[in-house]
file run_27.cif (mmCIF, C-alpha atoms)
data_start
loop_
_atom_site.group_PDB
_atom_site.id
_atom_site.type_symbol
_atom_site.label_atom_id
_atom_site.label_comp_id
_atom_site.auth_asym_id
_atom_site.auth_seq_id
_atom_site.Cartn_x
_atom_site.Cartn_y
_atom_site.Cartn_z
ATOM 1 C CA MET G 1 144.466 28.267 107.010
ATOM 2 C CA PHE G 2 147.564 29.199 105.094
ATOM 3 C CA ARG G 3 150.085 28.308 107.740
ATOM 4 C CA ILE G 4 153.490 29.894 107.583
ATOM 5 C CA SER G 5 154.116 28.034 110.842
ATOM 6 C CA LEU G 6 154.173 24.855 108.772
ATOM 7 C CA LEU G 7 157.259 26.119 107.050
ATOM 8 C CA LEU G 8 159.051 26.713 110.305
ATOM 9 C CA ILE G 9 158.268 23.167 111.402
ATOM 10 C CA LEU G 10 159.745 21.932 108.159
ATOM 11 C CA ALA G 11 162.934 23.899 108.704
ATOM 12 C CA THR G 12 164.645 20.992 110.406
ATOM 13 C CA LEU G 13 164.030 18.903 107.304
ATOM 14 C CA ILE G 14 165.700 21.309 104.919
ATOM 15 C CA THR G 15 168.846 22.461 106.669
ATOM 16 C CA ALA G 16 170.744 21.972 103.422
ATOM 17 C CA CYS G 17 168.795 24.930 102.087
ATOM 18 C CA GLN G 18 169.751 27.160 105.017
ATOM 19 C CA THR G 19 173.456 27.658 104.838
ATOM 20 C CA THR G 20 173.345 31.249 106.069
ATOM 21 C CA LYS G 21 172.204 32.356 109.521
ATOM 22 C CA THR G 22 170.415 35.685 109.227
ATOM 23 C CA ASP G 23 169.501 38.401 111.673
ATOM 24 C CA ARG G 24 165.815 39.047 112.151
ATOM 25 C CA ILE G 25 164.654 42.582 111.560
ATOM 26 C CA GLU G 26 161.407 44.260 112.520
ATOM 27 C CA ASP G 27 158.847 45.029 109.839
ATOM 28 C CA PRO G 28 160.812 43.641 106.873
ATOM 29 C CA TYR G 29 159.855 44.660 103.348
ATOM 30 C CA GLY G 30 161.504 41.639 101.792
ATOM 31 C CA ALA G 31 164.708 39.680 101.369
ATOM 32 C CA PHE G 32 167.151 38.926 98.575
ATOM 33 C CA ALA G 33 168.273 35.332 98.120
ATOM 34 C CA VAL G 34 171.323 35.001 95.886
ATOM 35 C CA GLY G 35 173.406 31.841 95.849
ATOM 36 C CA HIS G 36 173.736 30.741 99.472
ATOM 37 C CA ASN G 37 173.113 34.239 100.852
ATOM 38 C CA PHE G 38 169.891 35.608 102.297
ATOM 39 C CA THR G 39 169.515 39.317 103.115
ATOM 40 C CA PRO G 40 166.358 40.655 104.807
ATOM 41 C CA LEU G 41 165.804 44.395 104.360
ATOM 42 C CA ARG G 42 163.527 47.288 105.103
ATOM 43 C CA ASP G 43 161.959 49.333 102.364
ATOM 44 C CA ALA G 44 164.357 52.195 103.078
ATOM 45 C CA ASP G 45 167.282 49.935 102.104
ATOM 46 C CA PHE G 46 165.667 48.436 99.013
ATOM 47 C CA THR G 47 167.448 50.479 96.325
ATOM 48 C CA LYS G 48 170.891 49.939 97.844
ATOM 49 C CA GLU G 49 170.338 46.207 98.283
ATOM 50 C CA MET G 50 168.859 45.851 94.793
ATOM 51 C CA GLU G 51 171.983 47.400 93.289
ATOM 52 C CA ARG G 52 174.224 45.203 95.421
ATOM 53 C CA ASN G 53 172.386 41.941 94.740
ATOM 54 C CA ILE G 54 171.700 42.572 91.045
ATOM 55 C CA PRO G 55 174.864 44.179 89.679
ATOM 56 C CA ASN G 56 174.124 43.003 86.111
ATOM 57 C CA PRO G 57 170.389 43.547 85.654
ATOM 58 C CA ASP G 58 170.458 42.899 81.909
ATOM 59 C CA LYS G 59 171.629 39.324 82.599
ATOM 60 C CA ALA G 60 169.666 38.630 85.768
ATOM 61 C CA ILE G 61 166.793 36.177 86.062
ATOM 62 C CA LEU G 62 164.533 37.503 88.793
ATOM 63 C CA PHE G 63 162.010 35.552 90.862
ATOM 64 C CA ILE G 64 159.459 37.278 93.078
ATOM 65 C CA TYR G 65 158.376 34.872 95.800
ATOM 66 C CA ASN G 66 155.033 35.245 97.578
ATOM 67 C CA HIS G 67 154.563 33.353 100.818
ATOM 68 C CA GLY G 68 151.627 31.552 102.319
ATOM 69 C CA THR G 69 150.533 32.778 105.712
ATOM 70 C CA ASP G 70 148.193 32.564 108.682
ATOM 71 C CA ASN G 71 147.165 36.154 108.576
ATOM 72 C CA GLY G 72 147.084 37.522 105.050
ATOM 73 C CA GLY G 73 150.652 38.775 105.324
ATOM 74 C CA HIS G 74 150.265 40.955 108.389
ATOM 75 C CA GLY G 75 153.334 40.780 110.599
ATOM 76 C CA GLN G 76 155.137 38.462 108.201
ATOM 77 C CA LYS G 77 158.811 37.767 108.827
ATOM 78 C CA CYS G 78 161.467 36.846 106.285
ATOM 79 C CA TYR G 79 163.126 33.474 106.870
ATOM 80 C CA PRO G 80 165.225 31.438 104.421
ATOM 81 C CA ALA G 81 163.170 28.338 105.265
ATOM 82 C CA SER G 82 160.029 30.068 104.022
ATOM 83 C CA ILE G 83 161.231 29.831 100.414
ATOM 84 C CA PRO G 84 160.536 26.427 98.804
ATOM 85 C CA SER G 85 163.662 24.325 98.475
ATOM 86 C CA TYR G 86 163.398 24.034 94.671
ATOM 87 C CA ALA G 87 163.616 27.825 94.389
ATOM 88 C CA ARG G 88 166.609 28.027 96.703
ATOM 89 C CA ALA G 89 168.228 25.232 94.688
ATOM 90 C CA ILE G 90 167.867 27.252 91.489
ATOM 91 C CA VAL G 91 169.657 30.311 92.886
ATOM 92 C CA ARG G 92 172.389 28.113 94.364
ATOM 93 C CA GLN G 93 172.960 26.273 91.099
ATOM 94 C CA HIS G 94 172.673 29.048 88.505
ATOM 95 C CA ASP G 95 174.559 32.318 88.248
ATOM 96 C CA ASN G 96 172.661 35.564 87.641
ATOM 97 C CA THR G 97 169.544 34.250 89.371
ATOM 98 C CA VAL G 98 168.027 36.068 92.323
ATOM 99 C CA ILE G 99 164.904 35.707 94.453
ATOM 100 C CA PHE G 100 163.190 38.685 95.995
ATOM 101 C CA TYR G 101 161.027 37.347 98.804
ATOM 102 C CA LEU G 102 158.216 39.856 99.247
ATOM 103 C CA CYS G 103 157.136 39.789 102.889
ATOM 104 C CA SER G 104 155.742 43.210 103.651
ATOM 105 C CA ARG G 105 152.480 43.898 105.502
ATOM 106 C CA GLN G 106 150.514 45.174 102.541
ATOM 107 C CA VAL G 107 148.043 42.286 102.526
ATOM 108 C CA SER G 108 146.051 42.109 105.726
ATOM 109 C CA GLY G 109 142.587 41.473 107.072
ATOM 110 C CA LYS G 110 140.927 39.849 110.044
ATOM 111 C CA THR G 111 137.982 38.379 108.149
ATOM 112 C CA PRO G 112 137.506 36.782 104.694
ATOM 113 C CA GLY G 113 135.748 39.918 103.536
ATOM 114 C CA GLU G 114 138.658 42.154 104.537
ATOM 115 C CA SER G 115 141.508 40.077 103.126
ATOM 116 C CA ARG G 116 142.177 40.754 99.478
ATOM 117 C CA TYR G 117 144.825 38.998 97.421
ATOM 118 C CA PHE G 118 144.198 41.814 94.987
ATOM 119 C CA LYS G 119 146.077 44.217 97.264
ATOM 120 C CA ARG G 120 149.208 42.133 96.881
ATOM 121 C CA SER G 121 148.776 42.108 93.107
ATOM 122 C CA VAL G 122 148.951 45.905 93.102
ATOM 123 C CA GLU G 123 152.022 45.792 95.324
ATOM 124 C CA ILE G 124 153.720 43.301 92.994
ATOM 125 C CA GLU G 125 153.081 45.613 90.058
ATOM 126 C CA LEU G 126 154.735 48.532 91.853
ATOM 127 C CA LEU G 127 157.640 46.311 92.901
ATOM 128 C CA LEU G 128 158.229 45.115 89.351
ATOM 129 C CA GLU G 129 158.316 48.725 88.186
ATOM 130 C CA ARG G 130 161.211 49.310 90.589
ATOM 131 C CA PHE G 131 163.120 46.351 89.183
ATOM 132 C CA LYS G 132 162.336 47.461 85.635
ATOM 133 C CA ARG G 133 163.843 50.882 86.300
ATOM 134 C CA HIS G 134 166.947 49.080 87.554
ATOM 135 C CA GLY G 135 167.167 47.257 84.212
ATOM 136 C CA VAL G 136 165.580 43.852 84.909
ATOM 137 C CA THR G 137 163.322 43.048 81.967
ATOM 138 C CA ALA G 138 159.875 41.453 82.127
ATOM 139 C CA GLU G 139 161.049 38.590 79.906
ATOM 140 C CA ARG G 140 163.526 37.563 82.607
ATOM 141 C CA THR G 141 161.123 37.949 85.521
ATOM 142 C CA PHE G 142 159.020 35.145 87.025
ATOM 143 C CA LEU G 143 156.561 34.975 89.905
ATOM 144 C CA LEU G 144 156.660 32.185 92.481
ATOM 145 C CA GLY G 145 154.170 31.442 95.220
ATOM 146 C CA HIS G 146 152.895 28.877 97.649
ATOM 147 C CA SER G 147 149.463 28.485 99.286
ATOM 148 C CA GLY G 148 148.048 31.985 99.815
ATOM 149 C CA GLY G 149 151.080 33.321 97.956
ATOM 150 C CA ALA G 150 150.197 31.102 95.008
ATOM 151 C CA SER G 151 146.711 32.606 95.039
ATOM 152 C CA THR G 152 148.268 36.062 95.013
ATOM 153 C CA THR G 153 150.488 35.128 92.080
ATOM 154 C CA LEU G 154 147.549 33.820 90.067
ATOM 155 C CA ILE G 155 145.650 37.069 90.660
ATOM 156 C CA ALA G 156 148.715 38.965 89.430
ATOM 157 C CA ALA G 157 148.751 36.792 86.305
ATOM 158 C CA ALA G 158 145.266 38.094 85.563
ATOM 159 C CA ASP G 159 145.970 41.698 86.527
ATOM 160 C CA ILE G 160 149.482 42.424 85.216
ATOM 161 C CA PRO G 161 150.463 39.759 82.632
ATOM 162 C CA ASP G 162 152.796 42.118 80.763
ATOM 163 C CA SER G 163 154.978 42.709 83.832
ATOM 164 C CA PHE G 164 156.586 39.250 83.938
ATOM 165 C CA ASN G 165 157.240 36.179 81.795
ATOM 166 C CA GLY G 166 155.655 33.276 83.667
ATOM 167 C CA PHE G 167 154.808 31.790 87.038
ATOM 168 C CA ILE G 168 155.407 28.679 89.121
ATOM 169 C CA VAL G 169 153.053 28.134 92.042
ATOM 170 C CA SER G 170 152.246 25.323 94.445
ATOM 171 C CA ALA G 171 149.130 24.438 96.445
ATOM 172 C CA PRO G 172 147.131 27.595 95.692
ATOM 173 C CA GLY G 173 144.340 28.112 98.204
ATOM 174 C CA TYR G 174 140.931 29.302 97.165
ATOM 175 C CA GLY G 175 139.840 31.112 100.285
ATOM 176 C CA PHE G 176 141.091 33.034 103.250
ATOM 177 C CA ALA G 177 140.926 30.462 106.051
ATOM 178 C CA TYR G 178 141.162 26.707 106.375
ATOM 179 C CA THR G 179 137.842 25.097 107.300
ATOM 180 C CA GLY G 180 138.451 21.488 106.306
ATOM 181 C CA LYS G 181 135.402 21.589 104.062
ATOM 182 C CA SER G 182 136.963 22.847 100.833
ATOM 183 C CA LYS G 183 134.785 25.126 98.704
ATOM 184 C CA GLU G 184 131.610 23.570 100.094
ATOM 185 C CA SER G 185 131.935 25.879 103.088
ATOM 186 C CA ASP G 186 128.959 28.232 102.931
ATOM 187 C CA ARG G 187 130.921 31.065 104.504
ATOM 188 C CA LEU G 188 133.842 30.909 102.105
ATOM 189 C CA ALA G 189 132.108 29.781 98.913
ATOM 190 C CA PRO G 190 131.440 33.350 97.640
ATOM 191 C CA TYR G 191 135.122 34.226 97.977
ATOM 192 C CA TYR G 192 136.119 31.067 96.143
ATOM 193 C CA GLU G 193 133.913 32.114 93.224
ATOM 194 C CA ILE G 194 135.473 35.590 93.115
ATOM 195 C CA TRP G 195 138.964 34.093 93.177
ATOM 196 C CA LYS G 196 138.086 31.475 90.539
ATOM 197 C CA SER G 197 136.464 33.937 88.133
ATOM 198 C CA THR G 198 139.467 36.265 88.395
ATOM 199 C CA ILE G 199 141.967 33.503 87.664
ATOM 200 C CA GLU G 200 139.912 32.340 84.690
ATOM 201 C CA GLN G 201 140.747 35.723 83.157
ATOM 202 C CA ALA G 202 144.479 34.977 83.441
ATOM 203 C CA THR G 203 144.781 33.585 79.928
ATOM 204 C CA GLU G 204 147.725 35.593 78.613
ATOM 205 C CA LYS G 205 150.539 34.178 80.745
ATOM 206 C CA SER G 206 151.991 30.678 80.833
ATOM 207 C CA GLY G 207 152.455 29.021 84.195
ATOM 208 C CA LEU G 208 152.980 25.814 86.158
ATOM 209 C CA VAL G 209 150.527 25.014 88.943
ATOM 210 C CA TYR G 210 151.335 22.184 91.355
ATOM 211 C CA ALA G 211 148.717 20.560 93.573
ATOM 212 C CA PHE G 212 149.050 17.570 95.871
ATOM 213 C CA GLU G 213 146.711 14.707 96.599
ATOM 214 C CA GLY G 214 145.863 14.596 100.283
ATOM 215 C CA ASP G 215 146.437 18.329 100.770
ATOM 216 C CA THR G 216 143.532 19.343 102.990
ATOM 217 C CA ILE G 217 144.526 23.006 103.093
ATOM 218 C CA ALA G 218 144.460 23.465 99.312
ATOM 219 C CA PRO G 219 142.519 20.496 97.870
ATOM 220 C CA PRO G 220 143.405 19.776 94.218
ATOM 221 C CA GLU G 221 139.689 19.527 93.466
ATOM 222 C CA ASP G 222 139.400 23.277 93.937
ATOM 223 C CA LEU G 223 141.597 23.692 90.864
ATOM 224 C CA ASP G 224 139.593 21.523 88.467
ATOM 225 C CA PHE G 225 138.597 24.607 86.479
ATOM 226 C CA MET G 226 142.252 25.071 85.466
ATOM 227 C CA LYS G 227 142.144 21.883 83.388
ATOM 228 C CA ASN G 228 140.397 23.901 80.681
ATOM 229 C CA MET G 229 142.934 26.733 80.722
ATOM 230 C CA LYS G 230 145.400 26.184 77.898
ATOM 231 C CA ASN G 231 148.035 28.522 79.311
ATOM 232 C CA ILE G 232 148.236 26.671 82.644
ATOM 233 C CA THR G 233 149.954 23.342 83.133
ATOM 234 C CA LEU G 234 148.178 21.800 86.112
ATOM 235 C CA LEU G 235 150.321 19.142 87.786
ATOM 236 C CA VAL G 236 148.436 17.140 90.402
ATOM 237 C CA GLN G 237 150.939 14.911 92.166
ATOM 238 C CA LYS G 238 150.744 12.114 94.696
ATOM 239 C CA PRO G 239 153.454 12.957 97.246
ATOM 240 C CA GLU G 240 156.078 10.316 97.887
ATOM 241 C CA ASP G 241 157.137 9.187 101.334
ATOM 242 C CA CYS G 242 159.838 11.784 101.788
ATOM 243 C CA GLY G 243 159.688 12.916 105.394
ATOM 244 C CA ILE G 244 156.803 15.343 104.880
ATOM 245 C CA SER G 245 153.703 14.405 106.861
ATOM 246 C CA ASP G 246 151.671 17.461 105.836
ATOM 247 C CA PHE G 247 151.347 17.315 102.048
ATOM 248 C CA HIS G 248 150.671 21.039 101.875
ATOM 249 C CA GLY G 249 154.409 21.467 102.478
ATOM 250 C CA TYR G 250 155.551 19.002 99.818
ATOM 251 C CA PRO G 251 157.506 21.631 97.786
ATOM 252 C CA TRP G 252 159.962 21.722 100.721
ATOM 253 C CA SER G 253 160.728 18.016 100.410
ATOM 254 C CA ARG G 254 163.866 16.479 98.968
ATOM 255 C CA CYS G 255 161.726 14.399 96.590
ATOM 256 C CA PHE G 256 160.048 17.433 95.054
ATOM 257 C CA ARG G 257 163.300 19.365 94.827
ATOM 258 C CA GLU G 258 165.226 16.589 93.094
ATOM 259 C CA LYS G 259 162.507 15.695 90.597
ATOM 260 C CA GLU G 260 160.914 19.037 89.812
ATOM 261 C CA THR G 261 163.765 21.557 89.917
ATOM 262 C CA PRO G 262 165.211 20.466 86.528
ATOM 263 C CA LYS G 263 161.733 20.612 84.957
ATOM 264 C CA ILE G 264 161.053 24.061 86.411
ATOM 265 C CA TRP G 265 164.419 25.352 85.211
ATOM 266 C CA GLN G 266 163.702 23.971 81.737
ATOM 267 C CA TYR G 267 160.362 25.800 81.712
ATOM 268 C CA ILE G 268 162.118 29.032 82.668
ATOM 269 C CA GLN G 269 164.706 28.677 79.914
ATOM 270 C CA GLN G 270 162.038 27.896 77.336
ATOM 271 C CA ARG G 271 160.039 30.957 78.331
ATOM 272 C CA ILE G 272 163.073 33.225 78.088
ATOM 273 C CA SER G 273 164.052 31.791 74.698
ATOM 274 C CA ALA G 274 160.516 32.232 73.352
ATOM 275 C CA ALA G 275 160.390 35.839 74.563
ATOM 276 C CA GLN G 276 163.646 36.662 72.796
ATOM 277 C CA GLN G 277 162.518 35.376 69.399
#

call {"tool": "encode", "arguments": {"input": "run_27.cif", "output": "structure tokens"}}
result
Amino acid sequence: MFRISLLLILATLITACQTTKTDRIEDPYGAFAVGHNFTPLRDADFTKEMERNIPNPDKAILFIYNHGTDNGGHGQKCYPASIPSYARAIVRQHDNTVIFYLCSRQVSGKTPGESRYFKRSVEIELLLERFKRHGVTAERTFLLGHSGGASTTLIAAADIPDSFNGFIVSAPGYGFAYTGKSKESDRLAPYYEIWKSTIEQATEKSGLVYAFEGDTIAPPEDLDFMKNMKNITLLVQKPEDCGISDFHGYPWSRCFREKETPKIWQYIQQRISAAQQ
């Protein structure tokens, strides 16, 4: 189960990443995170908020963040704590960086057969077209994701590689519900194979994929096939004792933020430089 509730539990551990108290709104389309600010919005307000939060689109570095969730995205809310702390650190530390946290209801389904990460991939493509019209280029756009949102991002890397420059994901899940049996689950195995075969087609875009030993929600073993993908850097880590008891939430830990944020930022800069040559 891709548990957004996990992130809310972790909120008390990452108060340094939540400097702004935000109002909750019904049926949010997304939220902009810029510096220490966090602005949830409805789709009707998207254009106005995009212009306000990205006044210099030709200089902006844009991150689209895809969450993990209990329910395929249905009824998702936008909370600052739902964004991994390394990503929030980047927008606090670097000017002209902005996160758009996509938390609409476009991905939904009550059963494994009804949930489709592919729906979110289509939505991401349409969203990136809106940013492109505003002046944000693909070479300065990156996709982020965790758990089910990481799975979504990897599908997008296969479907729309020309729409962004690279991706950083953590603990991608293979299925649509947590069973505790990994891909050996008879019920979910067919969906794992569909997901796996789609990602194996994502060979055109460079990306970082983090997995964590002891993560029972997204076992690193489910990602073994990525070891043969030259465009993906698969980073299987053993989490340190850093106040996180559920290793699926390790990207919200101080240890991950302090060690990995500089490496992730370096990857981003290298990708932008390569695209400009």

call {"tool": "resolve_selection", "arguments": {"input": "run_27.cif", "expression": "the PyMOL selection byres ((chain G and resi 247-262) around 6)", "output": "list in words"}}
result
Pro84, Ser85, Tyr86, Asp215, Asp246, Lys263, Ile264 and Trp265 of chain G

call {"tool": "write_last_selection", "arguments": {"input": "run_27.cif", "atoms": "C-alpha atoms", "output": "compact mmCIF listing (two decimals), keeping the file's coordinate frame"}}
result
# COMPACT_ATOMS: atom_id res chain seq x y z
CA PRO G 84 160.54 26.43 98.80
CA SER G 85 163.66 24.32 98.48
CA TYR G 86 163.40 24.03 94.67
CA ASP G 215 146.44 18.33 100.77
CA ASP G 246 151.67 17.46 105.84
CA LYS G 263 161.73 20.61 84.96
CA ILE G 264 161.05 24.06 86.41
CA TRP G 265 164.42 25.35 85.21

call {"tool": "atom_distance", "arguments": {"input": "run_27.cif", "atom1": "CA of Glu139 in chain G", "atom2": "CA of Ile90 in chain G"}}
result
17.6 Å

call {"tool": "resolve_selection", "arguments": {"input": "run_27.cif", "expression": "the PyMOL selection byres ((chain G and resi 31) around 10)", "output": "number ranges by chain"}}
result
G: 28-30, 32-34, 38-42, 46, 49-50, 65, 77-80, 99-104

call {"tool": "residues_around", "arguments": {"input": "run_27.cif", "residues": "Lys205 in chain G", "least_positions_apart": "4", "cutoff": "12 Å", "atoms": "only C-alpha atoms", "output": "PyMOL selection string"}}
result
chain G and resi 138-139+142-143+153-168+199-201+229-233+271+275

call {"tool": "atom_distance", "arguments": {"input": "run_27.cif", "atom1": "CA of Ile244 in chain G", "atom2": "CA of Ile217 in chain G"}}
result
14.6 Å

call {"tool": "atom_distance", "arguments": {"input": "run_27.cif", "atom1": "CA of Thr152 in chain G", "atom2": "CA of Asn66 in chain G"}}
result
7.3 Å

call {"tool": "decode", "arguments": {"input": "run_27.cif", "residues": "range 245-256 of chain G", "atoms": "N, CA, C and O atoms", "output": "compact mmCIF listing (two decimals), in the first residue's frame"}}
result
# COMPACT_ATOMS: atom_id res chain seq x y z
N SER G 245 11.52 4.97 11.40
CA SER G 245 11.34 3.55 11.68
C SER G 245 10.84 2.78 10.46
O SER G 245 11.12 1.59 10.30
N ASP G 246 10.10 3.46 9.59
CA ASP G 246 9.59 2.84 8.37
C ASP G 246 10.50 3.28 7.22
O ASP G 246 10.47 4.44 6.81
N PHE G 247 11.31 2.39 6.70
CA PHE G 247 12.32 2.75 5.71
C PHE G 247 11.72 3.22 4.40
O PHE G 247 12.41 3.80 3.57
N HIS G 248 10.44 2.98 4.19
CA HIS G 248 9.80 3.49 2.98
C HIS G 248 9.80 5.03 2.98
O HIS G 248 9.74 5.65 1.93
N GLY G 249 9.87 5.62 4.16
CA GLY G 249 9.87 7.08 4.27
C GLY G 249 11.25 7.68 4.44
O GLY G 249 11.36 8.85 4.84
N TYR G 250 12.29 6.95 4.10
CA TYR G 250 13.65 7.43 4.35
C TYR G 250 13.99 8.75 3.64
O TYR G 250 14.76 9.55 4.18
N PRO G 251 13.44 9.04 2.46
CA PRO G 251 13.74 10.34 1.83
C PRO G 251 13.30 11.55 2.64
O PRO G 251 13.66 12.68 2.30
N TRP G 252 12.51 11.35 3.69
CA TRP G 252 12.11 12.45 4.57
C TRP G 252 13.05 12.61 5.77
O TRP G 252 12.85 13.49 6.59
N SER G 253 14.08 11.80 5.83
CA SER G 253 14.98 11.84 6.98
C SER G 253 16.06 12.89 6.81
O SER G 253 16.42 13.28 5.70
N ARG G 254 16.57 13.35 7.94
CA ARG G 254 17.69 14.29 7.93
C ARG G 254 18.91 13.66 7.26
O ARG G 254 19.62 14.34 6.50
N CYS G 255 19.15 12.38 7.52
CA CYS G 255 20.33 11.71 6.96
C CYS G 255 20.29 11.72 5.43
O CYS G 255 21.29 12.04 4.77
N PHE G 256 19.14 11.38 4.87
CA PHE G 256 19.04 11.36 3.41
C PHE G 256 19.19 12.77 2.86
O PHE G 256 19.91 12.99 1.88
